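Below: upload-v5.cif (mmCIF, C-alpha atoms and all ligand atoms)
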data_protein
loop_
_atom_site.label_atom_id
_atom_site.label_comp_id
_atom_site.auth_asym_id
_atom_site.auth_seq_id
_atom_site.Cartn_x
_atom_site.Cartn_y
_atom_site.Cartn_z
CA MET A 1 -18.20 12.24 33.99
CA VAL A 2 -18.72 11.02 30.46
CA ARG A 3 -17.17 13.29 27.86
CA VAL A 4 -19.35 14.28 24.96
CA ALA A 5 -18.30 15.75 21.67
CA GLU A 6 -18.46 19.53 21.65
CA ALA A 7 -21.10 21.06 19.43
CA PRO A 8 -19.66 22.44 16.23
CA ARG A 9 -18.75 26.11 16.53
CA ASP A 10 -18.07 27.06 12.93
CA ARG A 11 -18.69 30.64 11.86
CA ILE A 12 -19.39 32.83 8.88
CA GLU A 13 -18.11 36.37 9.41
CA LEU A 14 -19.31 39.27 7.29
CA ARG A 15 -17.72 42.54 8.36
CA GLY A 16 -17.93 46.17 7.38
CA VAL A 17 -21.21 46.32 5.47
CA ARG A 18 -21.61 50.10 5.14
CA ALA A 19 -24.43 52.31 3.97
CA THR A 20 -26.25 55.53 4.76
CA GLY A 21 -29.16 55.22 7.17
CA TYR A 22 -31.45 57.64 9.01
CA HIS A 23 -31.38 56.12 12.49
CA GLY A 24 -30.96 58.34 15.51
CA VAL A 25 -32.70 60.22 18.26
CA PHE A 26 -32.00 63.71 16.87
CA GLU A 27 -34.08 65.38 14.20
CA PHE A 28 -30.97 66.21 12.09
CA GLU A 29 -29.95 62.55 12.10
CA ARG A 30 -33.37 61.62 10.73
CA ARG A 31 -33.09 64.38 8.11
CA ASP A 32 -29.46 64.17 6.95
CA GLY A 33 -28.60 60.54 7.53
CA GLN A 34 -25.12 59.18 8.25
CA GLU A 35 -22.99 56.12 7.73
CA PHE A 36 -23.64 52.89 9.62
CA VAL A 37 -21.27 49.94 9.50
CA VAL A 38 -22.40 46.43 10.40
CA ASP A 39 -20.52 43.22 11.24
CA VAL A 40 -22.41 39.92 11.39
CA VAL A 41 -21.02 36.66 12.76
CA LEU A 42 -23.14 33.53 12.31
CA GLY A 43 -22.59 30.41 14.44
CA LEU A 44 -23.51 27.27 12.52
CA ASP A 45 -22.25 23.86 11.52
CA LEU A 46 -20.36 24.19 8.24
CA ALA A 47 -19.45 20.50 7.95
CA PRO A 48 -22.46 19.60 5.75
CA ALA A 49 -21.58 22.37 3.27
CA ALA A 50 -17.89 21.45 3.31
CA ALA A 51 -18.71 17.79 2.68
CA THR A 52 -21.14 18.44 -0.20
CA ASP A 53 -19.78 21.69 -1.68
CA ALA A 54 -23.42 22.81 -1.89
CA LEU A 55 -24.49 26.41 -1.35
CA ASP A 56 -27.90 25.33 -0.07
CA ARG A 57 -26.24 23.65 2.95
CA THR A 58 -24.89 26.96 4.24
CA VAL A 59 -25.77 30.67 4.29
CA ASP A 60 -25.07 32.68 1.13
CA TYR A 61 -22.99 35.66 2.32
CA GLY A 62 -24.17 37.73 -0.64
CA GLY A 63 -27.80 37.37 0.38
CA LEU A 64 -26.84 38.06 3.97
CA ALA A 65 -25.14 41.34 2.95
CA LEU A 66 -28.24 42.47 1.04
CA GLN A 67 -30.44 41.65 4.04
CA VAL A 68 -28.19 43.81 6.26
CA LEU A 69 -28.16 46.62 3.72
CA ALA A 70 -31.96 46.65 3.52
CA ARG A 71 -32.15 47.12 7.29
CA ILE A 72 -29.54 49.92 7.37
CA GLU A 73 -31.33 51.78 4.60
CA GLY A 74 -34.82 50.79 5.77
CA GLU A 75 -37.25 52.07 8.38
CA PRO A 76 -35.36 54.43 10.72
CA SER A 77 -35.17 53.67 14.45
CA ASP A 78 -34.05 55.90 17.29
CA LEU A 79 -31.51 53.40 18.60
CA ILE A 80 -28.79 51.36 16.97
CA GLU A 81 -29.80 48.64 19.45
CA THR A 82 -33.08 48.38 17.54
CA LEU A 83 -31.29 48.17 14.20
CA ALA A 84 -28.93 45.47 15.51
CA GLY A 85 -31.84 43.50 16.97
CA ARG A 86 -33.74 43.63 13.68
CA ILE A 87 -30.73 42.36 11.75
CA ALA A 88 -30.20 39.51 14.22
CA ASP A 89 -33.89 38.54 14.13
CA ASP A 90 -33.83 38.56 10.31
CA VAL A 91 -30.92 36.14 10.27
CA LEU A 92 -32.54 33.65 12.67
CA ALA A 93 -35.87 33.87 10.85
CA SER A 94 -34.42 33.38 7.37
CA ALA A 95 -31.69 30.80 7.99
CA PRO A 96 -32.82 27.82 10.11
CA ILE A 97 -29.30 26.39 9.95
CA VAL A 98 -27.94 29.28 12.05
CA ALA A 99 -27.71 28.47 15.77
CA ASP A 100 -26.64 31.90 16.97
CA VAL A 101 -25.75 35.29 15.61
CA GLU A 102 -23.75 38.29 16.76
CA VAL A 103 -24.43 41.68 15.19
CA VAL A 104 -22.29 44.78 15.72
CA VAL A 105 -23.67 48.11 14.52
CA HIS A 106 -21.06 50.89 14.38
CA LYS A 107 -22.03 54.54 14.11
CA PRO A 108 -18.65 56.13 13.37
CA THR A 109 -19.97 59.71 12.96
CA ALA A 110 -22.45 59.61 15.82
CA PRO A 111 -23.20 63.01 17.43
CA ILE A 112 -20.82 62.66 20.37
CA PRO A 113 -19.43 65.96 21.68
CA THR A 114 -15.84 64.73 22.17
CA PRO A 115 -13.33 63.20 19.78
CA PHE A 116 -13.94 59.43 19.64
CA GLY A 117 -12.83 56.47 17.62
CA ASP A 118 -16.02 54.49 17.22
CA VAL A 119 -19.25 53.71 18.98
CA ALA A 120 -20.99 50.40 18.48
CA VAL A 121 -23.55 48.06 20.02
CA VAL A 122 -23.21 44.31 20.03
CA VAL A 123 -26.25 42.04 20.22
CA ARG A 124 -26.22 38.28 20.44
CA ARG A 125 -29.21 36.09 19.76
CA SER A 126 -29.48 32.31 19.96
CA ARG A 127 -32.14 30.14 18.47
CA THR A 128 -34.04 28.30 21.17
CA ARG A 129 -35.06 24.70 20.62
CA VAL A 130 -37.58 22.48 22.31
CA ALA A 131 -36.12 19.53 24.17
CA ARG A 132 -37.77 16.89 26.33
CA VAL A 133 -35.93 15.29 29.20
CA ALA A 134 -36.91 12.18 31.17
CA LEU A 135 -36.19 12.05 34.89
CA GLY A 136 -36.14 8.88 36.96
CA ALA A 137 -35.01 7.72 40.40
CA ASN A 138 -35.49 4.51 42.38
CA LEU A 139 -33.06 4.90 45.28
CA GLY A 140 -32.88 7.35 48.17
CA ASP A 141 -35.20 10.36 48.39
CA ARG A 142 -36.57 10.00 44.88
CA ARG A 143 -38.78 13.09 44.80
CA SER A 144 -36.10 15.43 46.06
CA ALA A 145 -33.65 14.12 43.43
CA LEU A 146 -36.22 14.79 40.70
CA GLN A 147 -37.02 18.20 42.20
CA GLY A 148 -33.29 19.05 42.27
CA ALA A 149 -32.88 17.90 38.68
CA LEU A 150 -35.79 20.10 37.60
CA LEU A 151 -34.26 23.15 39.25
CA GLY A 152 -30.86 22.24 37.80
CA LEU A 153 -32.34 22.16 34.30
CA ALA A 154 -34.29 25.39 34.86
CA GLY A 155 -31.06 27.11 35.95
CA LEU A 156 -29.07 26.23 32.83
CA PRO A 157 -27.99 29.21 30.73
CA GLY A 158 -30.38 30.13 27.94
CA THR A 159 -32.90 27.58 29.18
CA ARG A 160 -36.52 27.80 30.32
CA VAL A 161 -38.69 24.98 31.63
CA THR A 162 -41.99 25.17 29.76
CA GLY A 163 -43.71 22.06 31.08
CA VAL A 164 -43.47 19.48 33.84
CA ALA A 165 -45.43 16.23 33.57
CA PRO A 166 -47.08 14.63 36.60
CA LEU A 167 -44.96 12.30 38.71
CA VAL A 168 -45.63 8.62 38.10
CA GLU A 169 -44.78 5.56 40.15
CA THR A 170 -43.42 2.85 37.86
CA ALA A 171 -42.32 -0.74 38.16
CA ALA A 172 -38.60 -0.98 37.33
CA VAL A 173 -37.93 -2.17 33.81
CA THR A 174 -34.95 -4.47 34.26
CA LEU A 175 -32.78 -6.63 32.07
CA PRO A 176 -33.83 -10.29 31.84
CA GLY A 177 -32.22 -12.36 34.58
CA SER A 178 -31.40 -9.38 36.82
CA GLY A 179 -32.74 -9.14 40.37
CA PRO A 180 -35.76 -7.15 41.56
CA GLN A 181 -35.46 -3.38 42.02
CA PRO A 182 -37.48 -0.77 43.90
CA ASP A 183 -40.13 1.15 41.94
CA TYR A 184 -39.13 4.31 40.12
CA LEU A 185 -40.52 7.79 40.32
CA ASN A 186 -40.51 9.15 36.77
CA THR A 187 -41.51 12.29 34.96
CA VAL A 188 -40.83 14.26 31.77
CA VAL A 189 -39.81 17.91 31.44
CA ARG A 190 -40.22 20.17 28.42
CA LEU A 191 -37.48 22.78 27.90
CA GLU A 192 -36.80 25.63 25.55
CA THR A 193 -33.06 26.02 25.33
CA ALA A 194 -30.36 27.76 23.39
CA LEU A 195 -27.86 25.09 24.49
CA PRO A 196 -26.76 22.70 21.76
CA PRO A 197 -27.67 19.03 22.36
CA ALA A 198 -24.18 18.00 23.47
CA ASP A 199 -24.10 20.78 26.08
CA LEU A 200 -27.54 19.76 27.33
CA LEU A 201 -26.39 16.14 27.70
CA ALA A 202 -23.23 17.27 29.51
CA ALA A 203 -25.45 19.29 31.86
CA ALA A 204 -27.67 16.23 32.41
CA HIS A 205 -24.60 14.25 33.42
CA ARG A 206 -23.47 17.02 35.79
CA ILE A 207 -26.90 17.04 37.42
CA GLU A 208 -26.82 13.24 37.79
CA ALA A 209 -23.35 13.47 39.32
CA ALA A 210 -24.59 16.01 41.85
CA TYR A 211 -26.97 13.31 43.10
CA ALA A 212 -24.12 10.83 43.41
CA ARG A 213 -25.26 8.81 40.43
CA VAL A 214 -22.69 6.11 39.85
CA ARG A 215 -22.83 4.17 36.59
CA THR A 216 -22.29 0.53 37.44
CA GLU A 217 -24.57 -1.97 35.74
CA ARG A 218 -26.78 -1.18 32.77
CA TRP A 219 -30.33 -0.41 33.90
CA GLY A 220 -29.19 -0.74 37.51
CA ALA A 221 -30.97 1.05 40.36
CA ARG A 222 -30.07 4.73 40.54
CA THR A 223 -30.51 7.85 42.65
CA LEU A 224 -31.13 9.93 39.53
CA ASP A 225 -31.32 9.35 35.78
CA VAL A 226 -31.58 12.29 33.38
CA ASP A 227 -32.06 11.24 29.74
CA LEU A 228 -32.51 13.43 26.68
CA LEU A 229 -35.65 12.16 24.92
CA SER A 230 -35.73 14.52 21.97
CA TYR A 231 -34.20 17.79 20.81
CA ASP A 232 -36.26 19.58 18.18
CA GLY A 233 -36.25 17.33 15.14
CA VAL A 234 -32.56 16.52 15.55
CA GLU A 235 -31.50 12.97 14.77
CA SER A 236 -28.18 11.66 16.02
CA ALA A 237 -26.63 8.22 15.71
CA ALA A 238 -23.57 9.10 17.80
CA PRO A 239 -23.39 6.53 20.63
CA GLU A 240 -22.69 9.22 23.22
CA LEU A 241 -25.88 11.03 22.19
CA LEU A 242 -28.59 9.11 20.39
CA LEU A 243 -31.51 11.29 19.32
CA PRO A 244 -34.32 10.79 19.67
CA HIS A 245 -33.66 8.46 22.62
CA PRO A 246 -33.77 5.00 21.04
CA ARG A 247 -36.01 3.43 23.69
CA ALA A 248 -38.33 6.34 24.52
CA HIS A 249 -41.07 5.22 22.10
CA GLU A 250 -41.47 1.83 23.80
CA ARG A 251 -41.29 2.92 27.44
CA ALA A 252 -44.53 3.35 29.34
CA PHE A 253 -42.62 5.14 32.12
CA VAL A 254 -41.73 7.82 29.54
CA LEU A 255 -44.88 7.90 27.42
CA VAL A 256 -47.45 8.00 30.26
CA PRO A 257 -46.11 11.22 31.83
CA TRP A 258 -45.16 12.74 28.45
CA ALA A 259 -48.64 12.09 26.99
CA ALA A 260 -50.22 13.64 30.10
CA LEU A 261 -48.15 16.79 29.51
CA GLU A 262 -48.40 17.11 25.73
CA PRO A 263 -50.33 14.30 24.06
CA GLY A 264 -49.80 15.70 20.57
CA ALA A 265 -45.99 15.96 20.79
CA LEU A 266 -44.27 14.02 18.04
CA LEU A 267 -41.68 11.31 18.50
CA LEU A 268 -40.42 9.49 15.40
CA GLY A 269 -43.20 11.23 13.48
CA ARG A 270 -45.98 9.83 15.72
CA ARG A 271 -48.01 11.42 18.49
CA VAL A 272 -46.89 10.30 21.93
CA ASP A 273 -50.48 9.47 22.99
CA GLU A 274 -50.74 7.11 20.01
CA LEU A 275 -47.40 5.51 20.80
CA LEU A 276 -48.66 4.99 24.34
CA ALA A 277 -51.96 3.50 23.18
CA GLY A 278 -49.95 1.02 21.10
CA LEU A 279 -48.08 -0.39 24.13
CA PRO A 280 -49.22 -3.69 25.70
CA GLU A 281 -51.83 -3.21 28.43
CA GLU A 282 -49.60 -4.73 31.14
CA GLU A 283 -46.87 -2.19 30.40
CA ARG A 284 -49.26 0.75 30.63
CA ALA A 285 -50.62 -0.74 33.86
CA SER A 286 -47.11 -0.80 35.35
CA VAL A 287 -47.27 3.02 35.53
CA ARG A 288 -49.48 4.56 38.23
CA PRO A 289 -50.09 8.09 39.48
CA ALA A 290 -47.61 8.88 42.25
CA GLU A 291 -50.18 9.24 45.01
CA GLY A 292 -48.82 10.80 48.15
CA GLU A 293 -45.99 12.58 46.32
CA LEU A 294 -46.22 16.36 45.99
CA PRO A 295 -45.92 17.53 42.38
CA LEU A 296 -42.56 19.00 41.38
CA GLU A 297 -42.36 22.76 41.71
CA LEU A 298 -40.62 25.46 39.73
CA VAL A 299 -39.80 27.72 42.64
N1 LIG B 1 -30.45 10.56 24.43
C1 LIG B 1 -29.61 10.23 25.41
N2 LIG B 1 -29.82 10.64 26.68
C2 LIG B 1 -28.98 10.29 27.67
N3 LIG B 1 -27.86 9.55 27.49
C3 LIG B 1 -27.59 9.12 26.25
C4 LIG B 1 -28.45 9.44 25.16
N4 LIG B 1 -27.93 8.88 24.02
C5 LIG B 1 -26.81 8.26 24.38
N5 LIG B 1 -26.58 8.39 25.71
C6 LIG B 1 -25.42 7.82 26.38
O1 LIG B 1 -25.84 6.68 27.08
C7 LIG B 1 -24.91 6.45 28.12
C8 LIG B 1 -25.57 5.67 29.23
O2 LIG B 1 -26.57 6.47 29.82
P1 LIG B 1 -27.35 5.96 31.11
O3 LIG B 1 -26.39 5.42 32.11
O4 LIG B 1 -28.25 7.09 31.57
O5 LIG B 1 -28.18 4.78 30.47
P2 LIG B 1 -29.33 4.04 31.17
O6 LIG B 1 -30.22 5.10 31.77
O7 LIG B 1 -28.82 2.99 32.09
O8 LIG B 1 -30.08 3.32 29.98
P3 LIG B 1 -31.09 3.94 28.95
O9 LIG B 1 -30.26 4.72 27.98
O10 LIG B 1 -31.72 2.72 28.36
O11 LIG B 1 -32.07 4.80 29.70
C9 LIG B 1 -24.48 7.83 28.55
O12 LIG B 1 -23.10 7.84 28.80
C10 LIG B 1 -24.82 8.74 27.40
O13 LIG B 1 -23.70 9.40 26.84
N1 LIG B 2 -39.62 2.08 35.62
C1 LIG B 2 -38.42 2.45 35.17
N2 LIG B 2 -37.57 1.51 34.77
C2 LIG B 2 -36.36 1.87 34.28
C3 LIG B 2 -36.00 3.22 34.20
C4 LIG B 2 -36.90 4.19 34.65
O1 LIG B 2 -36.62 5.44 34.60
N3 LIG B 2 -38.11 3.78 35.12
N4 LIG B 2 -34.78 3.55 33.66
C5 LIG B 2 -33.98 2.64 33.19
C6 LIG B 2 -32.75 3.04 32.52
O2 LIG B 2 -32.75 4.32 32.20
C7 LIG B 2 -34.24 1.22 33.30
N5 LIG B 2 -35.51 0.92 33.85
#

Step by step, read the file and then write its structure as structure tokens.
Ligand SMILES: Nc1ncnc2c1ncn2[C@@H]1O[C@H](COP(=O)(O)OP(=O)(O)OP(=O)(O)O)[C@@H](O)[C@H]1O
Ligand SMILES: Nc1nc2c(c(=O)[nH]1)N=C(CO)CN2
Amino acid sequence: MVRVAEAPRDRIELRGVRATGYHGVFEFERRDGQEFVVDVVLGLDLAPAAATDALDRTVDYGGLALQVLARIEGEPSDLIETLAGRIADDVLASAPIVADVEVVVHKPTAPIPTPFGDVAVVVRRSRTRVARVALGANLGDRRSALQGALLGLAGLPGTRVTGVAPLVETAAVTLPGSGPQPDYLNTVVRLETALPPADLLAAAHRIEAAYARVRTERWGARTLDVDLLSYDGVESAAPELLLPHPRAHERAFVLVPWAALEPGALLLGRRVDELLAGLPEEERASVRPAEGELPLELV
């Protein structure tokens, strides 16, 4: 399998923010208040801030501390789970650069009828992103490879399939001078995922490998191809993961199913139905509905 660079896993850790709050199930907790202590760990890429020395490329820990304080001292909740969830949601809503957050809320003087050291809840939240993936196969049982790939994607951690385009039958786009190939079955899948792009690509390669995909010649016939078309607005020039996919905007076998699923989706700042309309007629005509093939299912 091809190795891809790991997603950056830098962190900002803010620990021990303490203040009096009025959270708790008991009436005396609501009346008298007690101390709450909060730790927050943000997962984000700190390389841009390190390279530019600019505060606006990271998260200001002072502002973060004030945000936490406002929640501890703010509207009381019965559960510290609720408080932790509110703090985590605040972070994701206010800092788009943050990929994931862990919040620990300690309640060191909680009403527990035995001696104890500490009680705390830990919540983790990850930002989900919209990704589109192209599936293709032109060897073997094409539909079952695409069906397997769909279920493989749907089963990835932190990932939900939110759209499946119709299957299309497409003439193979080949390199000049290469021999004829069987037609492809193609489709496009929309995902919401907490996986970083590199992890999603690694998963795509694992799914291809499960269908005995062997990389031999470029654009050669294959039992399964899983390409990452786009990942939110992320742009990447790394050869192992180019985003958006550098050829997606000119491929009828991508744009026809994608435009059927979500015509207004943007690729390179343009709607996919407009990109499709701009392709030569003969290319659009090389893509046909896959009559006789059952649609893919999310069982
Ligand atoms: N957005 C992307 N999606 C999938 N693979 C990518 C992407 N960007 C770069 N790659 C890299 O491209 C390499 C070749 O991928 P693959 O064998 O699927 O290409 P291909 O399907 O023959 O051609 P094409 O990329 O034109 O569809 C992979 O090892 C992968 O790391
Ligand atoms: N019709 C069609 N042609 C292709 C396809 C594909 O998915 N469909 N994939 C290729 C390389 O990814 C090369 N050519």

Kindly provide the residues of chain A that approach ligand LIG 2 (chain B) to within 10 Å, each paired with its closest atom pair and their distance in Å to one decimal, based on only C-alpha atoms and all ligand atoms, listed by chain and increasing number, as a Markdown table.
| residue | atom | partner | partner_atom | distance |
| --- | --- | --- | --- | --- |
| A:Ala134 | CA | B:LIG2 | O1 | 7.6 |
| A:Leu135 | CA | B:LIG2 | O1 | 6.6 |
| A:Gly136 | CA | B:LIG2 | O1 | 4.2 |
| A:Ala137 | CA | B:LIG2 | O1 | 6.4 |
| A:Asn138 | CA | B:LIG2 | N3 | 7.8 |
| A:Val168 | CA | B:LIG2 | N1 | 9.2 |
| A:Glu169 | CA | B:LIG2 | N1 | 7.7 |
| A:Thr170 | CA | B:LIG2 | N1 | 4.5 |
| A:Ala171 | CA | B:LIG2 | N1 | 4.7 |
| A:Ala172 | CA | B:LIG2 | N1 | 3.7 |
| A:Val173 | CA | B:LIG2 | N2 | 3.8 |
| A:Thr174 | CA | B:LIG2 | N5 | 5.4 |
| A:Leu175 | CA | B:LIG2 | C7 | 8.1 |
| A:Gln181 | CA | B:LIG2 | N2 | 9.0 |
| A:Pro182 | CA | B:LIG2 | N1 | 9.0 |
| A:Asp183 | CA | B:LIG2 | N1 | 6.4 |
| A:Tyr184 | CA | B:LIG2 | N1 | 5.0 |
| A:Leu185 | CA | B:LIG2 | N3 | 7.0 |
| A:Asn186 | CA | B:LIG2 | O1 | 5.8 |
| A:Thr187 | CA | B:LIG2 | O1 | 8.4 |
| A:Arg218 | CA | B:LIG2 | C6 | 7.3 |
| A:Trp219 | CA | B:LIG2 | C7 | 4.3 |
| A:Gly220 | CA | B:LIG2 | C7 | 6.9 |
| A:Ala221 | CA | B:LIG2 | C7 | 7.8 |
| A:Arg222 | CA | B:LIG2 | N4 | 8.4 |
| A:Leu224 | CA | B:LIG2 | O1 | 8.6 |
| A:Asp225 | CA | B:LIG2 | O2 | 6.3 |
| A:Val226 | CA | B:LIG2 | O2 | 8.1 |
| A:Asp227 | CA | B:LIG2 | O2 | 7.4 |
| A:Arg247 | CA | B:LIG2 | O2 | 9.2 |
| A:Ala248 | CA | B:LIG2 | O2 | 9.7 |
| A:Arg251 | CA | B:LIG2 | C1 | 8.3 |
| A:Ala252 | CA | B:LIG2 | N1 | 8.1 |
| A:Phe253 | CA | B:LIG2 | N1 | 5.5 |
| A:Val254 | CA | B:LIG2 | O1 | 7.6 |
| A:Glu283 | CA | B:LIG2 | N1 | 9.9 |
| A:Ser286 | CA | B:LIG2 | N1 | 8.0 |
| A:Val287 | CA | B:LIG2 | N1 | 7.7 |

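Shortest atom-to-atom contact with ligand LIG 1 (chain B) among A:Ser144, A:Thr223, A:Thr159, A:Thr128: A:Thr223, counting all atoms listed in the file.
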
Show me, as lines of an AutoDock Vina configuration file, the centre and edge lengths in Å to one decimal of the axis-aligned box that covers every listed atom of ligand LIG 1 (chain B) with 4 Å on each side.
center_x = -27.6
center_y = 6.7
center_z = 28.1
size_x = 17.0
size_y = 15.9
size_z = 16.1

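Taking atom CA of A:Ala120 as the reference point, atom CA of A:Phe36 is found at 9.6 Å.
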
**OP:** Point out the residue among A:Arg271, A:Arg160, A:His249, A:Arg15 with the least atom-to-atom distance to ligand LIG 1 (chain B), counting only C-alpha atoms and all ligand atoms.
**Re:**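 Of the candidates, the smallest distance to ligand LIG 1 (chain B) is held by A:His249.
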
Shortest contact to A:Asp10, candidates A:Asp32, A:Glu27, A:Asp100, A:Asp39, atoms counted only C-alpha atoms, goes to A:Asp100

Give me the residues within 8 Å of A:Leu296 as a compact mmCIF listing (two decimals) with C-alpha atoms, in the coordinates of the input, counting all atoms listed in the file and dropping any in the same chain fewer than 3 places off.
# COMPACT_ATOMS: atom_id res chain seq x y z
CA ARG A 143 -38.78 13.09 44.80
CA LEU A 146 -36.22 14.79 40.70
CA GLN A 147 -37.02 18.20 42.20
CA LEU A 150 -35.79 20.10 37.60
CA VAL A 164 -43.47 19.48 33.84
CA PRO A 166 -47.08 14.63 36.60
CA LEU A 167 -44.96 12.30 38.71

Subject >> Selection: 12 Å around stretch 49-62 of chain A, only C-alpha atoms, excl. self and same-chain fewer than 3 positions, as a list in words >> reply: Asp10, Arg11, Ile12, Glu13, Leu14, Arg15, Val17, Asp39, Val40, Val41, Leu42, Gly43, Leu44, Asp45, Leu46, Ala65, Leu66, Gln67, Val68, Leu69, Val91, Leu92, Ser94, Ala95, Pro96, Ile97, Val98 and Ala99 of chain A

Using atom CA of A:Ala110 and atom CA of A:Gln34 as the two end points, give the distance in Å to one decimal.
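Atom-to-atom, atom CA of A:Ala110 and atom CA of A:Gln34 are spaced 8.0 Å apart.
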
The residue from A:Ala131, A:Ala149, A:Glu192, A:Glu281 with the smallest atom-to-atom distance to A:Arg206, counting only C-alpha atoms, is A:Ala149

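Proximity ranking of A:Pro263, A:Leu294, A:Arg132, A:Ala145 relative to ligand LIG 1 (chain B) places A:Arg132 first, based on all atoms listed in the file.
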
Students should find that atom CA of A:Ser236 and atom N4 of ligand LIG 1 (chain B) are spaced 8.5 Å

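Ranking A:Val272, A:Leu229, A:Ala290, A:Val256 by their shortest atom-to-atom distance to ligand LIG 1 (chain B), with all atoms listed in the file included, puts A:Leu229 first.
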
Worksheet item: Taking (-31.1, 49.8, 11.6) in the file's coordinates as the center, which residues reach within 10 Å of it, counting all atoms listed in the file, put as a PyMOL selection string?
Response: chain A and resi 21-24+36+38+68-87+105
